[in-house]
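*Asks:* See structure_36.txt below, with compact mmCIF, C-alpha atoms.
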# COMPACT_ATOMS: atom_id res chain seq x y z
CA MET A 1 17.01 -48.16 37.01
CA SER A 2 19.47 -48.11 34.15
CA LEU A 3 20.53 -45.01 32.28
CA ASN A 4 18.93 -46.39 29.12
CA SER A 5 15.58 -46.97 30.81
CA LEU A 6 15.74 -43.50 32.38
CA THR A 7 16.39 -41.98 28.96
CA LYS A 8 13.52 -43.88 27.41
CA THR A 9 11.21 -42.92 30.25
CA GLY A 10 12.23 -39.30 29.95
CA SER A 11 11.66 -39.39 26.23
CA ALA A 12 8.28 -41.01 26.63
CA SER A 13 7.18 -38.46 29.20
CA ARG A 14 7.72 -35.58 26.83
CA PRO A 15 4.78 -34.76 24.51
CA LEU A 16 5.41 -35.51 20.87
CA PRO A 17 5.76 -32.43 18.69
CA ARG A 18 2.61 -31.45 16.84
CA PRO A 19 2.83 -31.97 13.07
CA ASP A 20 3.61 -28.75 11.30
CA ALA A 21 0.36 -27.40 9.90
CA GLY A 22 2.39 -25.16 7.68
CA SER A 23 3.59 -28.17 5.67
CA GLN A 24 0.11 -28.72 4.19
CA THR A 25 -0.79 -27.09 0.88
CA ILE A 26 -4.29 -25.57 1.11
CA TYR A 27 -5.48 -25.62 -2.48
CA ARG A 28 -8.92 -24.07 -1.92
CA ILE A 29 -7.28 -20.89 -0.64
CA LEU A 30 -4.67 -20.89 -3.41
CA ILE A 31 -7.36 -21.26 -6.06
CA ALA A 32 -9.47 -18.53 -4.44
CA ILE A 33 -6.59 -16.03 -4.22
CA GLY A 34 -5.59 -16.92 -7.79
CA LEU A 35 -9.15 -16.19 -8.94
CA VAL A 36 -9.12 -12.80 -7.24
CA HIS A 37 -5.74 -12.10 -8.81
CA LEU A 38 -7.29 -12.87 -12.20
CA LEU A 39 -10.16 -10.45 -11.54
CA ASN A 40 -7.87 -7.73 -10.16
CA ASP A 41 -5.33 -7.85 -12.97
CA SER A 42 -7.89 -8.19 -15.75
CA VAL A 43 -9.36 -4.90 -14.51
CA GLN A 44 -5.96 -3.28 -14.06
CA SER A 45 -4.66 -4.46 -17.45
CA VAL A 46 -7.63 -2.91 -19.20
CA ILE A 47 -5.95 0.49 -18.73
CA PRO A 48 -3.10 0.03 -21.25
CA ALA A 49 -5.35 -2.15 -23.42
CA ILE A 50 -7.78 0.73 -23.98
CA PHE A 51 -5.08 3.11 -25.23
CA PRO A 52 -6.29 2.73 -28.84
CA VAL A 53 -9.84 3.55 -27.69
CA LEU A 54 -8.62 6.63 -25.80
CA GLN A 55 -6.60 7.70 -28.83
CA ASP A 56 -9.67 7.48 -31.04
CA SER A 57 -12.10 9.11 -28.57
CA MET A 58 -9.88 11.76 -26.92
CA GLY A 59 -7.01 12.09 -29.40
CA ILE A 60 -4.34 11.51 -26.74
CA SER A 61 -0.69 11.21 -27.78
CA TYR A 62 1.76 8.39 -27.10
CA SER A 63 3.30 10.56 -24.38
CA GLN A 64 -0.07 10.96 -22.67
CA MET A 65 -0.58 7.20 -22.86
CA GLY A 66 2.77 6.83 -21.15
CA TRP A 67 1.72 9.18 -18.34
CA ILE A 68 -1.48 7.18 -17.79
CA ALA A 69 0.49 3.93 -17.55
CA PHE A 70 3.01 5.66 -15.30
CA ALA A 71 0.27 6.96 -12.96
CA LEU A 72 -1.25 3.48 -12.68
CA ASN A 73 1.98 1.62 -12.09
CA ILE A 74 3.85 4.13 -9.96
CA THR A 75 0.90 4.31 -7.55
CA ALA A 76 1.05 0.55 -7.12
CA SER A 77 4.86 0.57 -7.07
CA ILE A 78 5.21 3.11 -4.26
CA MET A 79 2.40 1.75 -2.10
CA GLN A 80 3.00 -2.00 -2.37
CA PRO A 81 6.18 -2.10 -0.23
CA VAL A 82 4.48 0.25 2.27
CA VAL A 83 1.45 -2.05 2.53
CA GLY A 84 3.74 -5.08 2.76
CA TYR A 85 5.81 -3.53 5.57
CA PHE A 86 2.64 -2.59 7.48
CA SER A 87 1.27 -6.12 7.01
CA ASP A 88 4.48 -7.70 8.30
CA LYS A 89 4.24 -5.56 11.43
CA ARG A 90 0.49 -5.90 11.84
CA PRO A 91 -1.29 -8.45 9.60
CA THR A 92 -4.61 -6.96 8.45
CA PRO A 93 -6.89 -9.37 6.56
CA ALA A 94 -9.41 -6.56 5.92
CA LEU A 95 -6.95 -4.98 3.46
CA LEU A 96 -7.93 -7.64 0.92
CA PRO A 97 -11.59 -6.58 0.35
CA ILE A 98 -10.72 -2.91 0.94
CA GLY A 99 -8.17 -2.97 -1.88
CA MET A 100 -10.67 -4.48 -4.29
CA GLY A 101 -13.12 -1.77 -3.25
CA PHE A 102 -10.68 0.88 -4.53
CA THR A 103 -10.42 -1.00 -7.83
CA CYS A 104 -14.20 -1.18 -8.16
CA SER A 105 -14.53 2.56 -7.49
CA GLY A 106 -11.86 3.39 -10.08
CA MET A 107 -13.67 1.48 -12.82
CA ILE A 108 -16.99 3.16 -11.99
CA PHE A 109 -15.36 6.59 -12.25
CA LEU A 110 -13.65 5.57 -15.51
CA ALA A 111 -17.03 4.76 -17.06
CA PHE A 112 -18.06 8.41 -16.65
CA ALA A 113 -14.67 10.02 -17.35
CA ASP A 114 -15.05 12.85 -19.85
CA SER A 115 -11.52 14.26 -19.79
CA TYR A 116 -7.88 13.22 -19.67
CA MET A 117 -7.57 14.25 -16.00
CA ALA A 118 -10.70 12.27 -15.07
CA VAL A 119 -9.11 9.20 -16.64
CA MET A 120 -5.94 9.84 -14.62
CA MET A 121 -7.86 10.04 -11.33
CA SER A 122 -9.70 6.80 -12.10
CA VAL A 123 -6.42 5.09 -12.91
CA ILE A 124 -4.87 6.20 -9.59
CA LEU A 125 -7.75 4.57 -7.69
CA VAL A 126 -7.17 1.32 -9.58
CA GLY A 127 -3.46 1.58 -8.73
CA LEU A 128 -4.23 1.99 -5.03
CA GLY A 129 -6.45 -1.09 -5.13
CA SER A 130 -3.67 -3.09 -6.73
CA ALA A 131 -1.18 -1.85 -4.12
CA ALA A 132 -3.41 -3.05 -1.28
CA PHE A 133 -4.07 -6.44 -2.86
CA HIS A 134 -0.75 -7.76 -4.13
CA PRO A 135 1.42 -7.89 -0.96
CA GLU A 136 -1.40 -9.41 1.10
CA GLY A 137 -2.33 -11.79 -1.72
CA SER A 138 1.27 -12.96 -2.00
CA LYS A 139 1.39 -13.48 1.77
CA VAL A 140 -1.83 -15.54 1.68
CA SER A 141 -0.26 -17.65 -1.06
CA HIS A 142 2.82 -18.16 1.12
CA MET A 143 0.66 -19.08 4.13
CA ALA A 144 -1.27 -21.69 2.15
CA ALA A 145 1.74 -23.04 0.25
CA GLY A 146 2.97 -25.68 2.67
CA ASN A 147 6.10 -27.24 1.21
CA ARG A 148 5.25 -26.30 -2.38
CA ARG A 149 6.16 -22.64 -2.49
CA GLY A 150 6.97 -22.51 -6.19
CA LEU A 151 3.67 -24.14 -7.15
CA ALA A 152 1.71 -21.94 -4.74
CA GLN A 153 3.23 -18.73 -6.04
CA SER A 154 2.58 -19.92 -9.60
CA ILE A 155 -1.10 -20.54 -8.87
CA PHE A 156 -1.31 -17.04 -7.42
CA GLN A 157 0.61 -15.36 -10.24
CA VAL A 158 -1.01 -17.32 -13.07
CA GLY A 159 -4.31 -15.76 -12.04
CA GLY A 160 -2.79 -12.30 -12.50
CA ASN A 161 -1.15 -13.11 -15.82
CA ALA A 162 -4.32 -14.79 -17.09
CA GLY A 163 -6.22 -11.63 -16.17
CA GLN A 164 -3.68 -9.52 -18.04
CA SER A 165 -4.00 -11.76 -21.10
CA LEU A 166 -7.78 -11.29 -21.16
CA ALA A 167 -7.53 -7.50 -21.30
CA PRO A 168 -6.92 -7.23 -25.09
CA LEU A 169 -9.89 -9.50 -25.83
CA LEU A 170 -12.11 -7.67 -23.37
CA THR A 171 -11.09 -4.41 -25.01
CA ARG A 172 -12.03 -5.88 -28.40
CA TRP A 173 -15.41 -7.14 -27.18
CA VAL A 174 -16.34 -4.45 -24.64
CA PHE A 175 -14.54 -1.12 -24.98
CA ILE A 176 -14.38 -0.84 -28.76
CA PRO A 177 -18.16 -1.30 -29.15
CA PHE A 178 -19.26 0.44 -25.93
CA GLY A 179 -16.48 2.95 -25.21
CA LEU A 180 -15.53 3.82 -21.63
CA MET A 181 -19.02 2.87 -20.40
CA GLY A 182 -17.79 -0.72 -20.71
CA SER A 183 -15.95 -0.07 -17.44
CA ILE A 184 -19.21 -0.78 -15.60
CA GLY A 185 -18.81 -4.46 -16.48
CA PHE A 186 -15.33 -4.49 -14.99
CA ALA A 187 -16.65 -2.81 -11.84
CA ALA A 188 -19.00 -5.80 -11.56
CA LEU A 189 -15.99 -8.14 -11.81
CA ALA A 190 -14.34 -6.20 -9.00
CA ALA A 191 -17.50 -6.59 -6.90
CA VAL A 192 -17.25 -10.37 -7.33
CA GLY A 193 -13.63 -10.08 -6.22
CA ILE A 194 -14.71 -8.29 -3.03
CA ALA A 195 -16.98 -11.21 -2.13
CA VAL A 196 -14.21 -13.77 -2.63
CA GLN A 197 -11.77 -11.58 -0.70
CA ILE A 198 -14.10 -11.58 2.30
CA PHE A 199 -13.95 -15.40 2.31
CA ILE A 200 -10.15 -15.36 2.07
CA ALA A 201 -9.84 -12.68 4.75
CA ARG A 202 -11.84 -14.83 7.18
CA TRP A 203 -9.49 -17.79 6.63
CA TYR A 204 -6.49 -15.45 6.95
CA GLY A 205 -7.76 -14.08 10.27
CA GLN A 206 -8.67 -17.51 11.67
CA THR A 207 -5.25 -18.87 10.72
CA LEU A 208 -3.52 -16.01 12.52
CA LYS A 209 -5.67 -16.48 15.65
CA SER A 210 -5.08 -20.23 15.77
CA GLY A 211 -1.33 -19.80 15.50
CA GLY A 212 -1.30 -21.83 12.28
CA TYR A 213 1.06 -19.36 10.68
CA ALA A 214 4.19 -17.76 12.02
CA ARG A 215 6.69 -15.73 10.12
CA LYS A 216 9.86 -17.60 9.37
CA LYS A 217 12.80 -15.84 10.95
CA ALA A 218 16.48 -16.21 10.36
CA ALA A 219 18.58 -17.98 12.96
CA ASP A 220 19.35 -16.12 16.15
CA GLY A 221 22.44 -13.93 16.14
CA VAL A 222 23.94 -11.22 13.99
CA MET A 223 24.37 -11.98 10.32
CA ASN A 224 27.92 -12.12 9.02
CA PRO A 225 28.60 -8.73 7.35
CA ALA A 226 30.10 -10.45 4.29
CA VAL A 227 26.95 -12.56 3.90
CA LYS A 228 24.73 -9.51 4.29
CA LYS A 229 26.73 -7.73 1.58
CA ASN A 230 26.30 -10.73 -0.72
CA ILE A 231 22.54 -10.79 -0.13
CA LEU A 232 22.25 -7.08 -0.94
CA TYR A 233 24.28 -7.61 -4.11
CA ALA A 234 22.05 -10.53 -5.15
CA PHE A 235 18.94 -8.41 -4.49
CA PHE A 236 20.38 -5.67 -6.71
CA ILE A 237 20.93 -8.14 -9.56
CA LEU A 238 17.39 -9.43 -9.10
CA ILE A 239 16.05 -5.87 -9.40
CA ILE A 240 17.93 -5.44 -12.70
CA LEU A 241 16.31 -8.62 -14.02
CA VAL A 242 12.87 -7.39 -12.93
CA PHE A 243 13.66 -4.11 -14.70
CA VAL A 244 14.55 -5.87 -17.96
CA ARG A 245 11.49 -8.11 -17.94
CA SER A 246 9.11 -5.28 -16.97
CA TRP A 247 10.33 -2.95 -19.71
CA TYR A 248 10.14 -5.63 -22.37
CA VAL A 249 6.66 -6.79 -21.32
CA SER A 250 5.55 -3.14 -21.19
CA SER A 251 6.83 -2.56 -24.73
CA ILE A 252 4.71 -5.46 -25.98
CA GLY A 253 1.61 -4.93 -23.84
CA SER A 254 1.34 -1.16 -24.26
CA TYR A 255 2.66 -0.42 -27.75
CA TYR A 256 3.11 -3.51 -29.91
CA ALA A 257 -0.48 -3.23 -31.15
CA PHE A 258 0.50 0.10 -32.72
CA PHE A 259 3.56 -1.54 -34.32
CA LEU A 260 1.29 -4.19 -35.84
CA LYS A 261 -1.15 -1.56 -37.11
CA ASP A 262 1.68 0.44 -38.64
CA THR A 263 3.59 -2.52 -40.13
CA PHE A 264 0.78 -4.83 -41.26
CA SER A 265 -2.14 -2.36 -41.52
CA LEU A 266 -4.16 -4.32 -38.96
CA SER A 267 -7.28 -2.93 -37.35
CA THR A 268 -7.27 -2.17 -33.63
CA GLN A 269 -9.46 -5.23 -33.00
CA ASP A 270 -7.17 -7.60 -34.90
CA ALA A 271 -3.99 -6.19 -33.34
CA GLN A 272 -5.39 -6.96 -29.87
CA ILE A 273 -5.46 -10.68 -30.73
CA TYR A 274 -1.66 -10.75 -31.05
CA ILE A 275 -1.21 -9.07 -27.67
CA PHE A 276 -3.53 -11.71 -26.23
CA LEU A 277 -1.29 -14.44 -27.69
CA PHE A 278 1.72 -12.98 -25.87
CA LEU A 279 -0.04 -12.49 -22.53
CA GLY A 280 -2.09 -15.70 -22.68
CA ALA A 281 1.00 -17.79 -23.37
CA GLY A 282 2.70 -15.89 -20.53
CA ALA A 283 -0.06 -17.01 -18.15
CA LEU A 284 0.60 -20.64 -19.10
CA GLY A 285 4.32 -20.09 -18.65
CA THR A 286 3.74 -18.65 -15.19
CA PHE A 287 1.81 -21.75 -14.14
CA PHE A 288 4.43 -24.22 -15.37
CA GLY A 289 7.37 -22.14 -14.15
CA GLY A 290 6.67 -22.72 -10.44
CA PRO A 291 6.66 -26.54 -10.45
CA LEU A 292 9.70 -26.57 -12.75
CA ALA A 293 11.53 -24.24 -10.34
CA ASP A 294 10.65 -26.53 -7.41
CA ARG A 295 12.33 -29.33 -9.37
CA PHE A 296 15.26 -27.63 -11.12
CA GLY A 297 15.92 -24.58 -8.93
CA LYS A 298 14.73 -20.98 -8.82
CA ARG A 299 17.87 -19.38 -10.24
CA ASN A 300 18.00 -21.89 -13.10
CA MET A 301 14.44 -21.07 -14.13
CA ILE A 302 15.06 -17.31 -13.98
CA PHE A 303 18.07 -17.77 -16.25
CA ALA A 304 16.25 -20.07 -18.69
CA SER A 305 13.34 -17.64 -19.02
CA MET A 306 15.67 -14.92 -20.25
CA ALA A 307 18.24 -16.94 -22.19
CA PHE A 308 15.74 -18.89 -24.30
CA ALA A 309 13.60 -15.80 -25.03
CA ALA A 310 16.52 -13.58 -26.12
CA PRO A 311 17.16 -14.93 -29.66
CA LEU A 312 13.43 -15.06 -30.41
CA SER A 313 12.90 -11.47 -29.29
CA LEU A 314 15.65 -10.36 -31.68
CA LEU A 315 13.77 -11.99 -34.58
CA LEU A 316 10.35 -10.63 -33.65
CA PRO A 317 10.46 -7.12 -35.24
CA TYR A 318 11.45 -8.62 -38.61
CA ALA A 319 8.97 -11.53 -38.76
CA ASN A 320 5.97 -11.69 -41.08
CA LEU A 321 2.48 -11.64 -39.62
CA PHE A 322 2.20 -15.43 -39.19
CA TRP A 323 5.55 -15.79 -37.46
CA THR A 324 4.83 -12.71 -35.37
CA GLY A 325 1.95 -14.60 -33.76
CA VAL A 326 4.10 -17.71 -33.25
CA LEU A 327 7.03 -15.78 -31.79
CA LEU A 328 4.86 -13.66 -29.49
CA SER A 329 3.32 -16.83 -28.07
CA ILE A 330 6.65 -18.57 -27.47
CA ILE A 331 8.36 -15.47 -26.04
CA GLY A 332 5.45 -14.80 -23.70
CA PHE A 333 5.47 -18.40 -22.43
CA ILE A 334 9.22 -18.46 -21.83
CA MET A 335 9.79 -14.98 -20.43
CA LEU A 336 6.86 -14.90 -18.00
CA SER A 337 7.60 -18.41 -16.71
CA SER A 338 9.91 -16.78 -14.16
CA PHE A 339 7.45 -14.13 -12.95
CA SER A 340 6.36 -16.00 -9.82
CA ILE A 341 9.83 -17.46 -9.31
CA THR A 342 11.34 -14.00 -8.94
CA VAL A 343 9.04 -13.35 -5.97
CA VAL A 344 9.87 -16.69 -4.32
CA TYR A 345 13.60 -16.12 -4.83
CA ALA A 346 13.32 -12.69 -3.19
CA GLN A 347 11.45 -14.25 -0.25
CA MET A 348 14.36 -16.69 0.12
CA LEU A 349 16.78 -13.76 0.23
CA VAL A 350 14.87 -12.09 3.09
CA PRO A 351 12.89 -14.91 4.77
CA GLY A 352 11.45 -12.88 7.65
CA LYS A 353 9.77 -10.15 5.58
CA ILE A 354 7.32 -11.92 3.26
CA GLY A 355 4.91 -8.99 2.79
CA THR A 356 7.61 -6.34 2.43
CA VAL A 357 9.69 -8.32 -0.05
CA SER A 358 6.69 -9.46 -2.09
CA GLY A 359 5.40 -5.90 -2.23
CA MET A 360 8.83 -4.62 -3.23
CA ILE A 361 9.32 -7.08 -6.10
CA THR A 362 5.79 -6.88 -7.51
CA GLY A 363 5.77 -3.14 -6.84
CA LEU A 364 9.02 -2.78 -8.76
CA ALA A 365 7.53 -4.79 -11.61
CA PHE A 366 4.58 -2.37 -11.76
CA GLY A 367 6.64 0.75 -11.23
CA LEU A 368 9.36 -0.12 -13.72
CA GLY A 369 6.72 -1.19 -16.21
CA GLY A 370 5.01 2.17 -15.81
CA LEU A 371 8.31 4.03 -16.11
CA GLY A 372 9.08 1.98 -19.22
CA ALA A 373 5.72 2.87 -20.74
CA LEU A 374 6.36 6.56 -20.05
CA VAL A 375 9.88 6.56 -21.52
CA LEU A 376 8.89 4.42 -24.50
CA GLY A 377 5.83 6.57 -25.22
CA ASN A 378 7.91 9.74 -25.40
CA TRP A 379 10.57 7.95 -27.42
CA ILE A 380 8.00 6.67 -29.92
CA ASP A 381 6.64 10.20 -30.36
CA ALA A 382 10.17 11.34 -31.21
CA ALA A 383 11.59 8.41 -33.21
CA GLY A 384 8.64 6.37 -34.45
CA ILE A 385 7.29 2.98 -33.43
CA SER A 386 9.51 0.64 -35.50
CA PRO A 387 12.97 1.82 -34.32
CA VAL A 388 11.87 1.67 -30.68
CA MET A 389 10.53 -1.87 -31.00
CA GLN A 390 13.77 -2.95 -32.65
CA VAL A 391 15.85 -1.57 -29.77
CA CYS A 392 13.54 -3.19 -27.19
CA SER A 393 14.18 -6.58 -28.80
CA PHE A 394 17.72 -6.53 -27.33
CA MET A 395 16.53 -6.23 -23.70
CA PRO A 396 16.24 -9.97 -22.88
CA LEU A 397 19.98 -10.36 -23.60
CA LEU A 398 20.61 -8.76 -20.20
CA GLY A 399 19.12 -11.88 -18.67
CA PHE A 400 22.59 -13.41 -18.72
CA LEU A 401 23.20 -11.37 -15.55
CA THR A 402 21.35 -14.21 -13.80
CA PHE A 403 24.72 -15.98 -13.65
CA LEU A 404 25.66 -13.45 -10.96
CA LEU A 405 22.91 -14.70 -8.64
CA PRO A 406 23.79 -17.37 -6.04
CA SER A 407 22.41 -20.87 -6.50
CA ASP A 408 19.47 -21.98 -4.39
CA LYS A 409 21.72 -24.10 -2.16
CA LYS A 410 24.18 -21.29 -1.57
CA LEU A 411 21.34 -18.90 -0.84
CA ALA A 412 19.98 -21.28 1.79
CA THR A 413 23.35 -21.30 3.57
CA TRP A 414 23.54 -17.51 3.42
CA THR A 415 20.16 -16.91 5.05
CA ASP A 416 20.89 -19.44 7.80
CA ARG A 417 24.44 -18.29 8.59
CA THR A 418 24.99 -16.11 11.65
CA VAL A 419 27.87 -15.25 13.95
Would you write out, as structure tokens, the structure that this file holds?
*Replies:*
Amino acid sequence: MSLNSLTKTGSASRPLPRPDAGSQTIYRILIAIGLVHLLNDSVQSVIPAIFPVLQDSMGISYSQMGWIAFALNITASIMQPVVGYFSDKRPTPALLPIGMGFTCSGMIFLAFADSYMAVMMSVILVGLGSAAFHPEGSKVSHMAAGNRRGLAQSIFQVGGNAGQSLAPLLTRWVFIPFGLMGSIGFAALAAVGIAVQIFIARWYGQTLKSGGYARKKAADGVMNPAVKKNILYAFFILIILVFVRSWYVSSIGSYYAFFLKDTFSLSTQDAQIYIFLFLGAGALGTFFGGPLADRFGKRNMIFASMAFAAPLSLLLPYANLFWTGVLLSIIGFIMLSSFSITVVYAQMLVPGKIGTVSGMITGLAFGLGGLGALVLGNWIDAAGISPVMQVCSFMPLLGFLTFLLPSDKKLATWTDRTV
């Protein structure tokens, strides 16, 4: 028998490798987790959206509004990386419906809140629910993504941003006419979310049992210390970019309605429409950002989202009412187009820790947004709304730091390189 025939026989005797199930994009799961993200974040985003209602009913100050936003976001910020780390060590599908249960409870308590402290306790429950949901939801998106990670993360994140964009309108239609008792309706939305989460958790558990998902690990060996230092540096730059975006979005979402009321004498109801334009356009931007990043690169999209928004943000505080609506829509679309991409880029930096990294980045976004709301609220009390909004308009200029991030190709070589 010849060597060639022996080789062919040996090759034929070996079983062919099974096609990688992880290469398939499972759209029904992506749509389901995106829907739950919409429900979760529409409930969560109601908190800053009802600030005008709380000001009218309880007479709270801008500083107190800041503390409420801080309590909501810092709870989610601290707990998300913890939940993500726990999930990486021991995947727990039941966390999905449990987290939504906390959110549902928080909205029920908010409906009957009769004091500032009662509002704070309700908000903390909502924050805990968000902390339990986001890392696991991001992991489910990653599991169902196949080879289209940017698109998958966009479908997941667009649900959240769409939910955030609905909050001003829901405040206009629900909380202004019905007060805090309108929270009962949002508790019902959370109950729907629990039902969908049970469906997702079953798929999650079955996928784990069947071995259809395994965490991607770096190559065997010890990472080159120089490469590790570069990855840590890139992660630090990414955190700065998350900081900039979170503070700017917080300035618009939490306080720009007051700027519009003060500058253009709008009613609370009418001012909420302009916040909806910003957040609604941001939801569209989030959806389109993922596929564009798959095509043109993650770092390029992060840079474009900041660079193109910067000159428009500088014009915003000085625009008339018509152009305010136009600029808010364009800025929201451009700036939030990189929201999901930031998470995917971080997952590329640390490929073996999907839950931890996702929780850290989204947790930072919440936490820094809450810190921004707190600082800005106190600053507005001291200096007034207009000067603060003018200073905030310069924040997107820091997006040029994106040039310090490695390209997608270089990042791929870093995470694969060992010694």
*Asks:* How far is it from atom CA of A:Ala76 to atom CA of A:Leu232, in Å with one decimal?
*Replies:*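 Computed distance, atom CA of A:Ala76 to atom CA of A:Leu232, equals 23.4 Å.
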*Asks:* Which polymer residues have any atom within 8 Å of an atom of stretch 250-262 of chain A, counting all atoms listed in the file, with same-chain residues fewer than 6 positions away left out, as a list in words?
*Replies:*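 Residues near the query, excluding close chain neighbours: Pro48, Ala49, Phe51, Thr268, Ala271, Gln272, Tyr274, Ile275, Leu279, Gly369, Gly370, Gly372, Ala373, Leu376, Ile385, Ser386, Met389 and Cys392 of chain A.
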*Asks:* Please list, as a ChimeraX atom specification, the residues that have an atom at most 7 Å away from (-4.4, -8.1, -19.0) in the coordinates of this file, counting all atoms listed in the file.
*Replies:* /A:41-42,45-46,161-168
*Asks:* Go through A:Gln80, A:Gln206, A:Thr263, A:Ser338 and flag the residue nearest A:Arg299, using all atoms listed in the file for the distances.
*Replies:*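 For A:Arg299, the nearest of the given residues is A:Ser338.
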*Asks:* Interatomic distance between atom CA of A:Val140 and atom CA of A:Ile194?
*Replies:* 15.5 Å
*Asks:* Between atom CA of A:Tyr27 and atom CA of A:Asn40, what is the distance in Å, rounded to a tenth?
*Replies:*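 Distance between the two atoms: 19.6 Å.
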*Asks:* Rank A:Ser329, A:Ser130, A:Thr356, A:Thr342 by their smallest atom-to-atom distance to A:Asn300, using only C-alpha atoms, and report the top residue only.
*Replies:*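 Of A:Ser329, A:Ser130, A:Thr356, A:Thr342, the one nearest A:Asn300, counting only C-alpha atoms, is A:Thr342.
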*Asks:* Looking at only C-alpha atoms, which of A:Leu371, A:Leu398, A:Ile231, A:Val36 is the one that sits closest to A:Leu189?
*Replies:*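 Ranked by minimum distance to A:Leu189, first place goes to A:Val36.
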*Asks:* Which centre and edge lengths in Å to one decimal define the box along x, y and z that fits every listed atom of stretch 87-97 of chain A plus 6 Å per side, as JSON?
*Replies:*
{"center_x": -3.6, "center_y": -7.2, "center_z": 6.1, "size_x": 28.1, "size_y": 16.4, "size_z": 23.5}
*Asks:* Quick one: of A:Ala152, A:Leu328, A:Met360, A:Val244, who's nearest to A:Leu397, counting all atoms listed in the file?
*Replies:*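 Selected residue with least distance to A:Leu397: A:Val244.
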*Asks:* With distances taken over only C-alpha atoms, which of A:Leu96, A:Leu277, A:Met181, A:Ala309 is nearest to A:Gly325?
*Replies:*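 Of the candidates, the smallest distance to A:Gly325 is held by A:Leu277.
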*Asks:* Counting all atoms listed in the file, which of A:Leu180, A:Leu321, A:Leu349, A:Val388 gets nearest to A:Thr413?
*Replies:* A:Leu349
*Asks:* Please list as a PDB file with C-alpha atoms, in the frame of the given file every residue within 9 Å of A:Ala293, counting only C-alpha atoms and excluding residues in the same chain fewer than 5 positions away.
*Replies:*
ATOM      1  CA  GLY A 150       6.970 -22.510  -6.190  1.00  0.00           C
ATOM      2  CA  LEU A 151       3.670 -24.140  -7.150  1.00  0.00           C
ATOM      3  CA  PHE A 288       4.430 -24.220 -15.370  1.00  0.00           C
ATOM      4  CA  LYS A 298      14.730 -20.980  -8.820  1.00  0.00           C
ATOM      5  CA  ARG A 299      17.870 -19.380 -10.240  1.00  0.00           C
ATOM      6  CA  ASN A 300      18.000 -21.890 -13.100  1.00  0.00           C
ATOM      7  CA  MET A 301      14.440 -21.070 -14.130  1.00  0.00           C
ATOM      8  CA  ILE A 302      15.060 -17.310 -13.980  1.00  0.00           C
ATOM      9  CA  SER A 338       9.910 -16.780 -14.160  1.00  0.00           C
ATOM     10  CA  ILE A 341       9.830 -17.460  -9.310  1.00  0.00           C
TER      11      ILE A 341
END
*Asks:* Considering all atoms listed in the file, tabulate each residue of stretch 69-165 of chain A that lies at most 12 Å from stretch 196-205 of chain A along with its nearest interatomic pair and the corresponding distance in Å to one decimal; arrange the rows by chain and ascending residue number and present them as a tab-separated table.
*Replies:*
residue	atom	partner	partner_atom	distance
A:Arg90	CA	A:Gly205	CA	11.7
A:Pro91	CA	A:Gly205	CA	8.6
A:Thr92	CA	A:Gly205	CA	8.0
A:Pro93	CA	A:Ala201	CA	4.8
A:Ala94	CA	A:Ala201	CA	6.2
A:Leu95	CA	A:Ala201	CA	8.3
A:Leu96	CA	A:Gln197	CA	5.7
A:Pro97	CA	A:Gln197	CA	5.1
A:Ile98	CA	A:Gln197	CA	8.9
A:Gly99	CA	A:Gln197	CA	9.4
A:Met100	CA	A:Gln197	CA	8.0
A:Gly101	CA	A:Gln197	CA	10.2
A:Ala132	CA	A:Gln197	CA	12.0
A:Phe133	CA	A:Gln197	CA	9.5
A:Glu136	CA	A:Ala201	CA	9.8
A:Gly137	CA	A:Ile200	CA	9.4
A:Lys139	CA	A:Tyr204	CA	9.6
A:Val140	CA	A:Tyr204	CA	7.0
A:Ser141	CA	A:Tyr204	CA	10.4
A:His142	CA	A:Tyr204	CA	11.3
A:Met143	CA	A:Tyr204	CA	8.5
A:Ala144	CA	A:Tyr204	CA	9.4
*Asks:* Based on the selection just made, write C-alpha atoms of those residues as a PDB file, keeping the file's coordinate frame.
*Replies:*
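The new file out-v2.pdb reads:
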ATOM      1  CA  ARG A  90       0.490  -5.900  11.840  1.00  0.00           C
ATOM      2  CA  PRO A  91      -1.290  -8.450   9.600  1.00  0.00           C
ATOM      3  CA  THR A  92      -4.610  -6.960   8.450  1.00  0.00           C
ATOM      4  CA  PRO A  93      -6.890  -9.370   6.560  1.00  0.00           C
ATOM      5  CA  ALA A  94      -9.410  -6.560   5.920  1.00  0.00           C
ATOM      6  CA  LEU A  95      -6.950  -4.980   3.460  1.00  0.00           C
ATOM      7  CA  LEU A  96      -7.930  -7.640   0.920  1.00  0.00           C
ATOM      8  CA  PRO A  97     -11.590  -6.580   0.350  1.00  0.00           C
ATOM      9  CA  ILE A  98     -10.720  -2.910   0.940  1.00  0.00           C
ATOM     10  CA  GLY A  99      -8.170  -2.970  -1.880  1.00  0.00           C
ATOM     11  CA  MET A 100     -10.670  -4.480  -4.290  1.00  0.00           C
ATOM     12  CA  GLY A 101     -13.120  -1.770  -3.250  1.00  0.00           C
ATOM     13  CA  ALA A 132      -3.410  -3.050  -1.280  1.00  0.00           C
ATOM     14  CA  PHE A 133      -4.070  -6.440  -2.860  1.00  0.00           C
ATOM     15  CA  GLU A 136      -1.400  -9.410   1.100  1.00  0.00           C
ATOM     16  CA  GLY A 137      -2.330 -11.790  -1.720  1.00  0.00           C
ATOM     17  CA  LYS A 139       1.390 -13.480   1.770  1.00  0.00           C
ATOM     18  CA  VAL A 140      -1.830 -15.540   1.680  1.00  0.00           C
ATOM     19  CA  SER A 141      -0.260 -17.650  -1.060  1.00  0.00           C
ATOM     20  CA  HIS A 142       2.820 -18.160   1.120  1.00  0.00           C
ATOM     21  CA  MET A 143       0.660 -19.080   4.130  1.00  0.00           C
ATOM     22  CA  ALA A 144      -1.270 -21.690   2.150  1.00  0.00           C
TER      23      ALA A 144
END
